[in-house]
>>> print(open('run31.json').read())   # JSON, C-alpha atoms and all ligand atoms
[["chain", "number", "residue", "atom", "x", "y", "z"],
["N", 1, "MET", "CA", 55.18, 176.92, 92.06],
["N", 2, "LYS", "CA", 53.82, 176.21, 88.60],
["N", 3, "ASN", "CA", 53.13, 172.50, 88.56],
["N", 4, "ASN", "CA", 49.76, 170.92, 89.08],
["N", 5, "LEU", "CA", 50.61, 168.95, 92.16],
["N", 6, "PRO", "CA", 48.07, 169.02, 94.98],
["N", 7, "LEU", "CA", 49.15, 171.48, 97.67],
["N", 8, "PRO", "CA", 49.27, 168.94, 100.51],
["N", 9, "LEU", "CA", 51.68, 166.84, 98.44],
["N", 10, "ILE", "CA", 53.88, 169.86, 97.71],
["N", 11, "ARG", "CA", 53.91, 170.66, 101.40],
["N", 12, "LYS", "CA", 54.80, 167.07, 102.25],
["N", 13, "ILE", "CA", 57.78, 167.00, 99.87],
["N", 14, "LEU", "CA", 59.07, 170.40, 101.01],
["N", 15, "GLU", "CA", 58.85, 169.27, 104.62],
["N", 16, "ARG", "CA", 60.55, 165.97, 103.89],
["N", 17, "ASP", "CA", 63.41, 167.87, 102.20],
["N", 18, "SER", "CA", 63.54, 170.45, 105.03],
["N", 19, "PHE", "CA", 62.69, 173.29, 102.60],
["N", 20, "LYS", "CA", 66.11, 172.88, 101.05],
["N", 21, "CYS", "CA", 67.18, 172.60, 97.45],
["N", 22, "GLN", "CA", 68.59, 169.10, 97.12],
["N", 23, "LYS", "CA", 71.33, 170.26, 94.78],
["N", 24, "CYS", "CA", 72.69, 173.51, 96.16],
["N", 25, "GLY", "CA", 71.29, 173.48, 99.69],
["N", 26, "PHE", "CA", 69.43, 176.79, 99.29],
["N", 27, "GLU", "CA", 66.94, 177.07, 102.12],
["N", 28, "ASP", "CA", 63.60, 178.86, 101.90],
["N", 29, "PRO", "CA", 61.13, 178.20, 104.72],
["N", 30, "SER", "CA", 58.42, 180.09, 102.78],
["N", 31, "GLY", "CA", 58.77, 177.64, 99.91],
["N", 32, "GLU", "CA", 58.23, 180.48, 97.46],
["N", 33, "ASN", "CA", 61.56, 180.06, 95.72],
["N", 34, "LEU", "CA", 61.46, 176.28, 95.73],
["N", 35, "GLU", "CA", 60.04, 173.91, 93.17],
["N", 36, "VAL", "CA", 58.91, 170.34, 93.55],
["N", 37, "HIS", "CA", 60.65, 168.59, 90.71],
["N", 38, "HIS", "CA", 59.53, 165.41, 88.94],
["N", 39, "ILE", "CA", 62.62, 163.19, 88.77],
["N", 40, "ASN", "CA", 61.10, 161.11, 86.00],
["N", 41, "PRO", "CA", 59.14, 163.79, 84.14],
["N", 42, "LYS", "CA", 55.40, 163.70, 83.66],
["N", 43, "ILE", "CA", 55.78, 163.60, 79.88],
["N", 44, "PHE", "CA", 57.50, 160.22, 80.39],
["N", 45, "ASN", "CA", 54.70, 159.13, 82.69],
["N", 46, "GLY", "CA", 56.52, 160.13, 85.86],
["N", 47, "LEU", "CA", 54.21, 159.76, 88.81],
["N", 48, "ASN", "CA", 53.09, 162.24, 91.45],
["N", 49, "GLU", "CA", 54.64, 160.08, 94.15],
["N", 50, "SER", "CA", 57.05, 161.09, 96.90],
["N", 51, "SER", "CA", 59.76, 158.82, 95.53],
["N", 52, "ASN", "CA", 59.58, 160.61, 92.18],
["N", 53, "LEU", "CA", 59.60, 164.11, 93.65],
["N", 54, "SER", "CA", 62.48, 166.22, 94.86],
["N", 55, "THR", "CA", 62.83, 169.79, 96.14],
["N", 56, "LEU", "CA", 64.94, 172.13, 94.04],
["N", 57, "CYS", "CA", 65.43, 175.87, 94.05],
["N", 58, "SER", "CA", 64.16, 177.61, 90.93],
["N", 59, "ILE", "CA", 67.64, 177.90, 89.45],
["N", 60, "CYS", "CA", 68.67, 174.29, 89.95],
["N", 61, "HIS", "CA", 65.20, 173.35, 88.72],
["N", 62, "LYS", "CA", 65.71, 175.35, 85.55],
["N", 63, "TYR", "CA", 68.85, 173.40, 84.74],
["N", 64, "ALA", "CA", 67.73, 169.97, 85.88],
["N", 65, "PRO", "CA", 67.97, 167.23, 83.25],
["N", 66, "ASP", "CA", 64.76, 165.42, 82.37],
["N", 67, "SER", "CA", 65.93, 161.86, 82.81],
["N", 68, "GLU", "CA", 66.07, 159.94, 86.04],
["N", 69, "LYS", "CA", 69.62, 158.69, 85.46],
["N", 70, "GLU", "CA", 71.02, 162.10, 84.55],
["N", 71, "PHE", "CA", 69.20, 163.62, 87.50],
["N", 72, "LYS", "CA", 71.10, 161.46, 89.98],
["N", 73, "LYS", "CA", 74.35, 162.62, 88.45],
["N", 74, "TYR", "CA", 73.12, 166.21, 88.51],
["N", 75, "LEU", "CA", 72.34, 165.99, 92.23],
["N", 76, "SER", "CA", 75.70, 164.42, 92.99],
["N", 77, "GLU", "CA", 77.51, 167.39, 91.45],
["N", 78, "LYS", "CA", 77.02, 169.70, 94.40],
["N", 79, "ILE", "CA", 76.97, 173.45, 94.02],
["N", 80, "ASP", "CA", 77.37, 175.95, 96.80],
["N", 81, "SER", "CA", 74.07, 177.86, 97.05],
["N", 82, "LYS", "CA", 75.93, 181.07, 97.90],
["N", 83, "LEU", "CA", 77.55, 180.99, 94.50],
["N", 84, "LEU", "CA", 74.11, 180.96, 92.91],
["N", 85, "ASP", "CA", 72.91, 183.95, 94.91],
["N", 86, "THR", "CA", 73.91, 186.44, 92.22],
["N", 87, "PHE", "CA", 71.49, 184.72, 89.90],
["N", 88, "ARG", "CA", 68.87, 184.33, 92.59],
["N", 89, "LYS", "CA", 68.85, 188.02, 93.41],
["N", 90, "SER", "CA", 68.45, 189.25, 89.89],
["N", 91, "ASP", "CA", 64.76, 189.81, 89.16],
["N", 92, "TYR", "CA", 62.62, 186.75, 88.82],
["N", 93, "SER", "CA", 64.75, 183.78, 89.58],
["N", 94, "ILE", "CA", 63.70, 181.81, 86.55],
["N", 95, "SER", "CA", 63.21, 184.61, 84.08],
["N", 96, "LYS", "CA", 64.93, 184.46, 80.73],
["N", 97, "LYS", "CA", 67.18, 187.23, 81.93],
["N", 98, "THR", "CA", 68.54, 185.08, 84.71],
["N", 99, "LYS", "CA", 69.07, 182.16, 82.45],
["N", 100, "LEU", "CA", 70.90, 184.46, 80.08],
["N", 101, "GLY", "CA", 73.01, 185.86, 82.92],
["N", 102, "MET", "CA", 73.90, 182.40, 84.01],
["N", 103, "ASP", "CA", 74.79, 181.30, 80.50],
["N", 104, "THR", "CA", 76.94, 184.38, 80.08],
["N", 105, "ALA", "CA", 78.76, 183.83, 83.34],
["N", 106, "PHE", "CA", 79.22, 180.26, 82.34],
["N", 107, "LYS", "CA", 80.56, 181.13, 78.90],
["N", 108, "LYS", "CA", 82.93, 183.64, 80.44],
["N", 109, "GLY", "CA", 84.30, 180.73, 82.35],
["N", 110, "ARG", "CA", 83.35, 181.89, 85.78],
["N", 111, "HIS", "CA", 83.46, 178.76, 87.83],
["N", 112, "ILE", "CA", 80.42, 178.29, 89.99],
["N", 113, "THR", "CA", 80.83, 174.93, 91.65],
["N", 114, "LYS", "CA", 83.04, 174.16, 94.61],
["N", 115, "ALA", "CA", 86.80, 174.30, 94.18],
["N", 116, "PRO", "CA", 88.32, 170.88, 93.50],
["N", 117, "LYS", "CA", 91.55, 169.78, 95.18],
["N", 118, "GLY", "CA", 94.40, 171.94, 93.93],
["N", 119, "TYR", "CA", 92.37, 175.13, 93.75],
["N", 120, "LYS", "CA", 90.76, 177.55, 96.14],
["N", 121, "LEU", "CA", 87.81, 179.82, 95.48],
["N", 122, "LEU", "CA", 88.47, 183.53, 95.68],
["N", 123, "ASN", "CA", 85.75, 185.96, 94.55],
["N", 124, "LYS", "CA", 84.10, 183.12, 92.65],
["N", 125, "GLN", "CA", 87.30, 182.52, 90.71],
["N", 126, "LEU", "CA", 89.39, 179.39, 90.89],
["N", 127, "ILE", "CA", 92.89, 180.19, 92.06],
["N", 128, "LYS", "CA", 95.65, 177.63, 91.86],
["N", 129, "HIS", "CA", 96.86, 176.49, 95.26],
["N", 130, "ASP", "CA", 100.63, 175.97, 94.91],
["N", 131, "GLU", "CA", 101.18, 173.08, 97.26],
["N", 132, "GLU", "CA", 97.90, 171.28, 96.54],
["N", 133, "SER", "CA", 98.13, 171.69, 92.78],
["N", 134, "ALA", "CA", 101.62, 170.17, 92.83],
["N", 135, "LYS", "CA", 100.09, 167.25, 94.69],
["N", 136, "VAL", "CA", 97.40, 166.86, 92.04],
["N", 137, "LYS", "CA", 100.04, 166.83, 89.33],
["N", 138, "ASN", "CA", 102.00, 164.18, 91.25],
["N", 139, "ILE", "CA", 98.90, 162.02, 91.46],
["N", 140, "PHE", "CA", 98.36, 162.17, 87.69],
["N", 141, "GLU", "CA", 102.01, 161.41, 86.97],
["N", 142, "GLU", "CA", 102.29, 158.67, 89.52],
["N", 143, "PHE", "CA", 99.18, 156.98, 88.21],
["N", 144, "LEU", "CA", 100.48, 157.11, 84.65],
["N", 145, "ASN", "CA", 104.11, 156.19, 85.25],
["N", 146, "SER", "CA", 103.98, 153.57, 87.97],
["N", 147, "ASN", "CA", 102.21, 150.30, 88.58],
["N", 148, "ILE", "CA", 100.63, 151.45, 91.81],
["N", 149, "SER", "CA", 96.99, 150.36, 92.09],
["N", 150, "LEU", "CA", 94.19, 152.90, 92.34],
["N", 151, "THR", "CA", 93.50, 151.72, 95.88],
["N", 152, "GLN", "CA", 97.12, 152.15, 96.96],
["N", 153, "LEU", "CA", 97.42, 155.51, 95.27],
["N", 154, "ALA", "CA", 94.20, 156.69, 96.89],
["N", 155, "LYS", "CA", 95.49, 155.63, 100.31],
["N", 156, "LYS", "CA", 98.78, 157.38, 99.76],
["N", 157, "TYR", "CA", 97.03, 160.70, 99.15],
["N", 158, "ASN", "CA", 94.33, 160.18, 101.72],
["N", 159, "LEU", "CA", 91.52, 159.87, 99.17],
["N", 160, "THR", "CA", 88.82, 157.30, 98.60],
["N", 161, "THR", "CA", 89.22, 155.22, 95.46],
["N", 162, "SER", "CA", 86.12, 156.77, 93.90],
["N", 163, "GLY", "CA", 87.39, 160.22, 94.92],
["N", 164, "LEU", "CA", 90.68, 159.45, 93.19],
["N", 165, "ILE", "CA", 88.94, 158.34, 89.98],
["N", 166, "LYS", "CA", 86.80, 161.46, 90.04],
["N", 167, "LEU", "CA", 89.93, 163.56, 90.44],
["N", 168, "LEU", "CA", 91.70, 161.83, 87.55],
["N", 169, "LYS", "CA", 88.68, 162.47, 85.31],
["N", 170, "ASN", "CA", 88.09, 166.05, 86.37],
["N", 171, "THR", "CA", 88.39, 168.33, 83.34],
["N", 172, "THR", "CA", 88.71, 171.37, 85.63],
["N", 173, "TYR", "CA", 92.42, 170.50, 85.74],
["N", 174, "LEU", "CA", 92.52, 171.12, 81.99],
["N", 175, "GLY", "CA", 91.12, 174.60, 82.49],
["N", 176, "LYS", "CA", 87.51, 173.66, 81.68],
["N", 177, "VAL", "CA", 84.39, 174.67, 83.58],
["N", 178, "LYS", "CA", 81.25, 172.64, 83.89],
["N", 179, "PHE", "CA", 77.74, 173.51, 84.94],
["N", 180, "ALA", "CA", 74.99, 170.92, 84.70],
["N", 181, "ASN", "CA", 75.76, 169.26, 81.39],
["N", 182, "HIS", "CA", 77.60, 172.09, 79.71],
["N", 183, "GLU", "CA", 81.35, 172.41, 79.43],
["N", 184, "SER", "CA", 83.34, 175.42, 78.37],
["N", 185, "ASP", "CA", 86.82, 176.96, 78.65],
["N", 186, "GLY", "CA", 87.36, 178.53, 82.05],
["N", 187, "GLN", "CA", 89.42, 181.51, 83.10],
["N", 188, "HIS", "CA", 91.44, 179.59, 85.63],
["N", 189, "GLU", "CA", 94.92, 178.21, 85.19],
["N", 190, "PRO", "CA", 95.08, 174.54, 84.20],
["N", 191, "ILE", "CA", 97.06, 172.16, 86.42],
["N", 192, "ILE", "CA", 97.39, 169.29, 83.98],
["N", 193, "ASP", "CA", 98.35, 169.56, 80.31],
["N", 194, "LYS", "CA", 96.22, 167.95, 77.65],
["N", 195, "GLN", "CA", 98.69, 165.21, 76.81],
["N", 196, "LEU", "CA", 99.07, 164.01, 80.39],
["N", 197, "PHE", "CA", 95.32, 164.19, 80.92],
["N", 198, "GLU", "CA", 94.59, 162.12, 77.82],
["N", 199, "GLN", "CA", 97.22, 159.52, 78.68],
["N", 200, "VAL", "CA", 95.66, 159.15, 82.10],
["N", 201, "GLN", "CA", 92.17, 158.76, 80.57],
["N", 202, "ASN", "CA", 93.55, 156.04, 78.29],
["N", 203, "LYS", "CA", 95.11, 154.18, 81.18],
["N", 204, "LEU", "CA", 91.93, 154.54, 83.21],
["N", 205, "SER", "CA", 89.82, 152.99, 80.47],
["N", 206, "VAL", "CA", 92.02, 149.88, 80.21],
["C", 301, "ZN", "ZN", 69.51, 174.94, 94.12]]
>>> encode(input="run31.json", output="structure tokens")
Amino acid sequence: MKNNLPLPLIRKILERDSFKCQKCGFEDPSGENLEVHHINPKIFNGLNESSNLSTLCSICHKYAPDSEKEFKKYLSEKIDSKLLDTFRKSDYSISKKTKLGMDTAFKKGRHITKAPKGYKLLNKQLIKHDEESAKVKNIFEEFLNSNISLTQLAKKYNLTTSGLIKLLKNTTYLGKVKFANHESDGQHEPIIDKQLFEQVQNKLSV
């Protein structure tokens, strides 16, 4: 814990957040591997107030964006803490080495978030799920080629409307991987080709 927050406040935030990283769910009752993060950073006059503080593990803390708006987005992109364990176990969790390891894994296209619809996770790799990936492709094509509304289409595939929009915008289907704000080519098989994906983005933005 390297910030200058008063200990009772740190304790209070950790207890409020049940000693859990608010992004990946990593739990550490000792608090040693957790950080109390300023949502709006101190350099931008972020306050030492509960509402501006959030518990993160050292890895999620390392990658956290320094703006309030981006932070909300960052938290909403959930990561399975188990998939971060490789990084957590290596040496000091926030050493340069770990950051380097993470960047390398990321650049190699190892996918470290949860598997989206159409894929399953096997040994930290995204594997195409035959039946589900066909469904994903149908959703893209149906959205593009018919006049069905987003709400109706979502219902048809048992999704929420926002879930459907998220799916249609998910670049994982193009073979990309994303961690925090970085995007790179993954090692997994794409489900949607570039042309279809772009046409869908165009229709979505109308
Ligand atoms: Zn975390």
>>> atom_distance(input="run31.json", atom1="atom CA of N:Glu189", atom2="atom CA of N:Lys176")
9.4 Å
>>> closest_atom_pairs(input="run31.json", of="chain N", to="ligand ZN 301 (chain C)", cutoff="9 Å", atoms="all atoms listed in the file", output="tab-separated table")
residue	atom	partner	partner_atom	distance
N:Lys20	CA	C:ZN301	ZN	8.0
N:Cys21	CA	C:ZN301	ZN	4.7
N:Gln22	CA	C:ZN301	ZN	6.6
N:Lys23	CA	C:ZN301	ZN	5.1
N:Cys24	CA	C:ZN301	ZN	4.0
N:Gly25	CA	C:ZN301	ZN	6.0
N:Phe26	CA	C:ZN301	ZN	5.5
N:Glu27	CA	C:ZN301	ZN	8.7
N:Leu34	CA	C:ZN301	ZN	8.3
N:Thr55	CA	C:ZN301	ZN	8.7
N:Leu56	CA	C:ZN301	ZN	5.4
N:Cys57	CA	C:ZN301	ZN	4.2
N:Ser58	CA	C:ZN301	ZN	6.8
N:Ile59	CA	C:ZN301	ZN	5.8
N:Cys60	CA	C:ZN301	ZN	4.3
N:His61	CA	C:ZN301	ZN	7.1
N:Ile79	CA	C:ZN301	ZN	7.6
N:Asp80	CA	C:ZN301	ZN	8.4
N:Ser81	CA	C:ZN301	ZN	6.2
N:Leu84	CA	C:ZN301	ZN	7.7
>>> atom_distance(input="run31.json", atom1="atom CA of N:Thr160", atom2="atom CA of N:Glu77")
16.8 Å
>>> closest_residue(input="run31.json", among="N:Leu53, N:Leu126, N:Ile39, N:Ala154", to="N:Lys12", atoms="only C-alpha atoms")
N:Leu53
>>> atom_distance(input="run31.json", atom1="atom CA of N:Lys203", atom2="atom CA of N:Leu153")
14.3 Å
>>> closest_residue(input="run31.json", among="N:Asn40, N:Phe143, N:Phe19, N:Tyr157", to="N:Glu70", atoms="all atoms listed in the file")
N:Asn40
>>> residues_around(input="run31.json", residues="stretch 163-165 of chain N", least_positions_apart="2", cutoff="10 Å", atoms="all atoms listed in the file", output="list of chain:residue names")
N:Ile139, N:Phe140, N:Leu150, N:Thr151, N:Leu153, N:Ala154, N:Lys155, N:Tyr157, N:Asn158, N:Leu159, N:Thr160, N:Thr161, N:Leu167, N:Leu168, N:Lys169, N:Asn170, N:Gln201, N:Leu204
>>> closest_residue(input="run31.json", among="N:Ser162, N:Ser50, N:Asn45, N:Thr172", to="N:Leu14", atoms="all atoms listed in the file")
N:Ser50
>>> closest_residue(input="run31.json", among="N:Ser54, N:Tyr74, N:Asp193, N:His38", to="N:Glu15", atoms="all atoms listed in the file")
N:Ser54
>>> residues_around(input="run31.json", residues="N:Ala115", least_positions_apart="4", cutoff="12 Å", atoms="only C-alpha atoms", output="ChimeraX atom specification")
/N:77-80,83,110-111,119-129,132-133,167,170,172-173,177-178,188
>>> residues_near_point(input="run31.json", point="(52.0, 159.9, 98.5)", cutoff="8 Å", atoms="only C-alpha atoms", output="list in words")
Leu9, Asn48, Glu49 and Ser50 of chain N
>>> write_last_selection(input="run31.json", atoms="C-alpha atoms", output="short mmCIF file (atom, residue, chain, number, x, y, z; two decimals), keeping the file's coordinate frame")
data_model
loop_
_atom_site.label_atom_id
_atom_site.label_comp_id
_atom_site.auth_asym_id
_atom_site.auth_seq_id
_atom_site.Cartn_x
_atom_site.Cartn_y
_atom_site.Cartn_z
CA LEU N 9 51.68 166.84 98.44
CA ASN N 48 53.09 162.24 91.45
CA GLU N 49 54.64 160.08 94.15
CA SER N 50 57.05 161.09 96.90
#
>>> decode(input="run31.json", residues="stretch 118-141 of chain N", atoms="N, CA and C atoms", output="mmCIF file, in the first residue's frame")
data_model
loop_
_atom_site.group_PDB
_atom_site.id
_atom_site.type_symbol
_atom_site.label_atom_id
_atom_site.label_comp_id
_atom_site.auth_asym_id
_atom_site.auth_seq_id
_atom_site.Cartn_x
_atom_site.Cartn_y
_atom_site.Cartn_z
ATOM 1 N N GLY N 118 -20.064 -17.619 -28.082
ATOM 2 C CA GLY N 118 -19.478 -18.120 -29.316
ATOM 3 C C GLY N 118 -18.111 -18.760 -29.111
ATOM 4 N N TYR N 119 -17.538 -18.499 -27.925
ATOM 5 C CA TYR N 119 -16.246 -19.087 -27.596
ATOM 6 C C TYR N 119 -16.316 -19.775 -26.238
ATOM 7 N N LYS N 120 -15.382 -20.653 -25.997
ATOM 8 C CA LYS N 120 -15.172 -21.140 -24.629
ATOM 9 C C LYS N 120 -13.691 -20.982 -24.300
ATOM 10 N N LEU N 121 -13.398 -20.910 -23.011
ATOM 11 C CA LEU N 121 -12.005 -20.754 -22.590
ATOM 12 C C LEU N 121 -11.412 -22.113 -22.280
ATOM 13 N N LEU N 122 -10.294 -22.408 -22.907
ATOM 14 C CA LEU N 122 -9.615 -23.663 -22.641
ATOM 15 C C LEU N 122 -8.133 -23.338 -22.485
ATOM 16 N N ASN N 123 -7.564 -23.623 -21.338
ATOM 17 C CA ASN N 123 -6.163 -23.262 -21.065
ATOM 18 C C ASN N 123 -5.868 -21.816 -21.429
ATOM 19 N N LYS N 124 -6.760 -20.937 -21.017
ATOM 20 C CA LYS N 124 -6.596 -19.502 -21.254
ATOM 21 C C LYS N 124 -6.612 -19.128 -22.729
ATOM 22 N N GLN N 125 -7.048 -20.032 -23.573
ATOM 23 C CA GLN N 125 -7.170 -19.724 -24.993
ATOM 24 C C GLN N 125 -8.645 -19.721 -25.360
ATOM 25 N N LEU N 126 -8.992 -18.849 -26.291
ATOM 26 C CA LEU N 126 -10.375 -18.833 -26.760
ATOM 27 C C LEU N 126 -10.537 -19.870 -27.858
ATOM 28 N N ILE N 127 -11.473 -20.768 -27.641
ATOM 29 C CA ILE N 127 -11.745 -21.812 -28.622
ATOM 30 C C ILE N 127 -13.146 -21.585 -29.154
ATOM 31 N N LYS N 128 -13.274 -21.661 -30.470
ATOM 32 C CA LYS N 128 -14.571 -21.444 -31.090
ATOM 33 C C LYS N 128 -15.540 -22.568 -30.717
ATOM 34 N N HIS N 129 -16.707 -22.185 -30.290
ATOM 35 C CA HIS N 129 -17.759 -23.139 -29.958
ATOM 36 C C HIS N 129 -18.667 -23.250 -31.178
ATOM 37 N N ASP N 130 -18.693 -24.425 -31.824
ATOM 38 C CA ASP N 130 -19.369 -24.571 -33.117
ATOM 39 C C ASP N 130 -20.780 -24.007 -33.153
ATOM 40 N N GLU N 131 -21.618 -24.552 -32.268
ATOM 41 C CA GLU N 131 -23.028 -24.190 -32.293
ATOM 42 C C GLU N 131 -23.225 -22.705 -31.960
ATOM 43 N N GLU N 132 -22.560 -22.279 -30.871
ATOM 44 C CA GLU N 132 -22.729 -20.900 -30.400
ATOM 45 C C GLU N 132 -22.136 -19.885 -31.374
ATOM 46 N N SER N 133 -21.024 -20.238 -32.009
ATOM 47 C CA SER N 133 -20.420 -19.280 -32.933
ATOM 48 C C SER N 133 -21.291 -19.123 -34.181
ATOM 49 N N ALA N 134 -21.970 -20.208 -34.577
ATOM 50 C CA ALA N 134 -22.896 -20.110 -35.703
ATOM 51 C C ALA N 134 -24.044 -19.161 -35.337
ATOM 52 N N LYS N 135 -24.450 -19.243 -34.082
ATOM 53 C CA LYS N 135 -25.515 -18.372 -33.604
ATOM 54 C C LYS N 135 -25.077 -16.903 -33.665
ATOM 55 N N VAL N 136 -23.854 -16.659 -33.233
ATOM 56 C CA VAL N 136 -23.322 -15.290 -33.257
ATOM 57 C C VAL N 136 -23.313 -14.755 -34.686
ATOM 58 N N LYS N 137 -22.880 -15.608 -35.608
ATOM 59 C CA LYS N 137 -22.833 -15.187 -37.012
ATOM 60 C C LYS N 137 -24.249 -14.878 -37.517
ATOM 61 N N ASN N 138 -25.198 -15.734 -37.157
ATOM 62 C CA ASN N 138 -26.600 -15.482 -37.527
ATOM 63 C C ASN N 138 -27.082 -14.127 -37.034
ATOM 64 N N ILE N 139 -26.710 -13.813 -35.793
ATOM 65 C CA ILE N 139 -27.155 -12.547 -35.199
ATOM 66 C C ILE N 139 -26.625 -11.368 -36.020
ATOM 67 N N PHE N 140 -25.346 -11.410 -36.363
ATOM 68 C CA PHE N 140 -24.751 -10.342 -37.179
ATOM 69 C C PHE N 140 -25.479 -10.230 -38.526
ATOM 70 N N GLU N 141 -25.685 -11.378 -39.172
ATOM 71 C CA GLU N 141 -26.290 -11.354 -40.499
ATOM 72 C C GLU N 141 -27.736 -10.918 -40.450
#
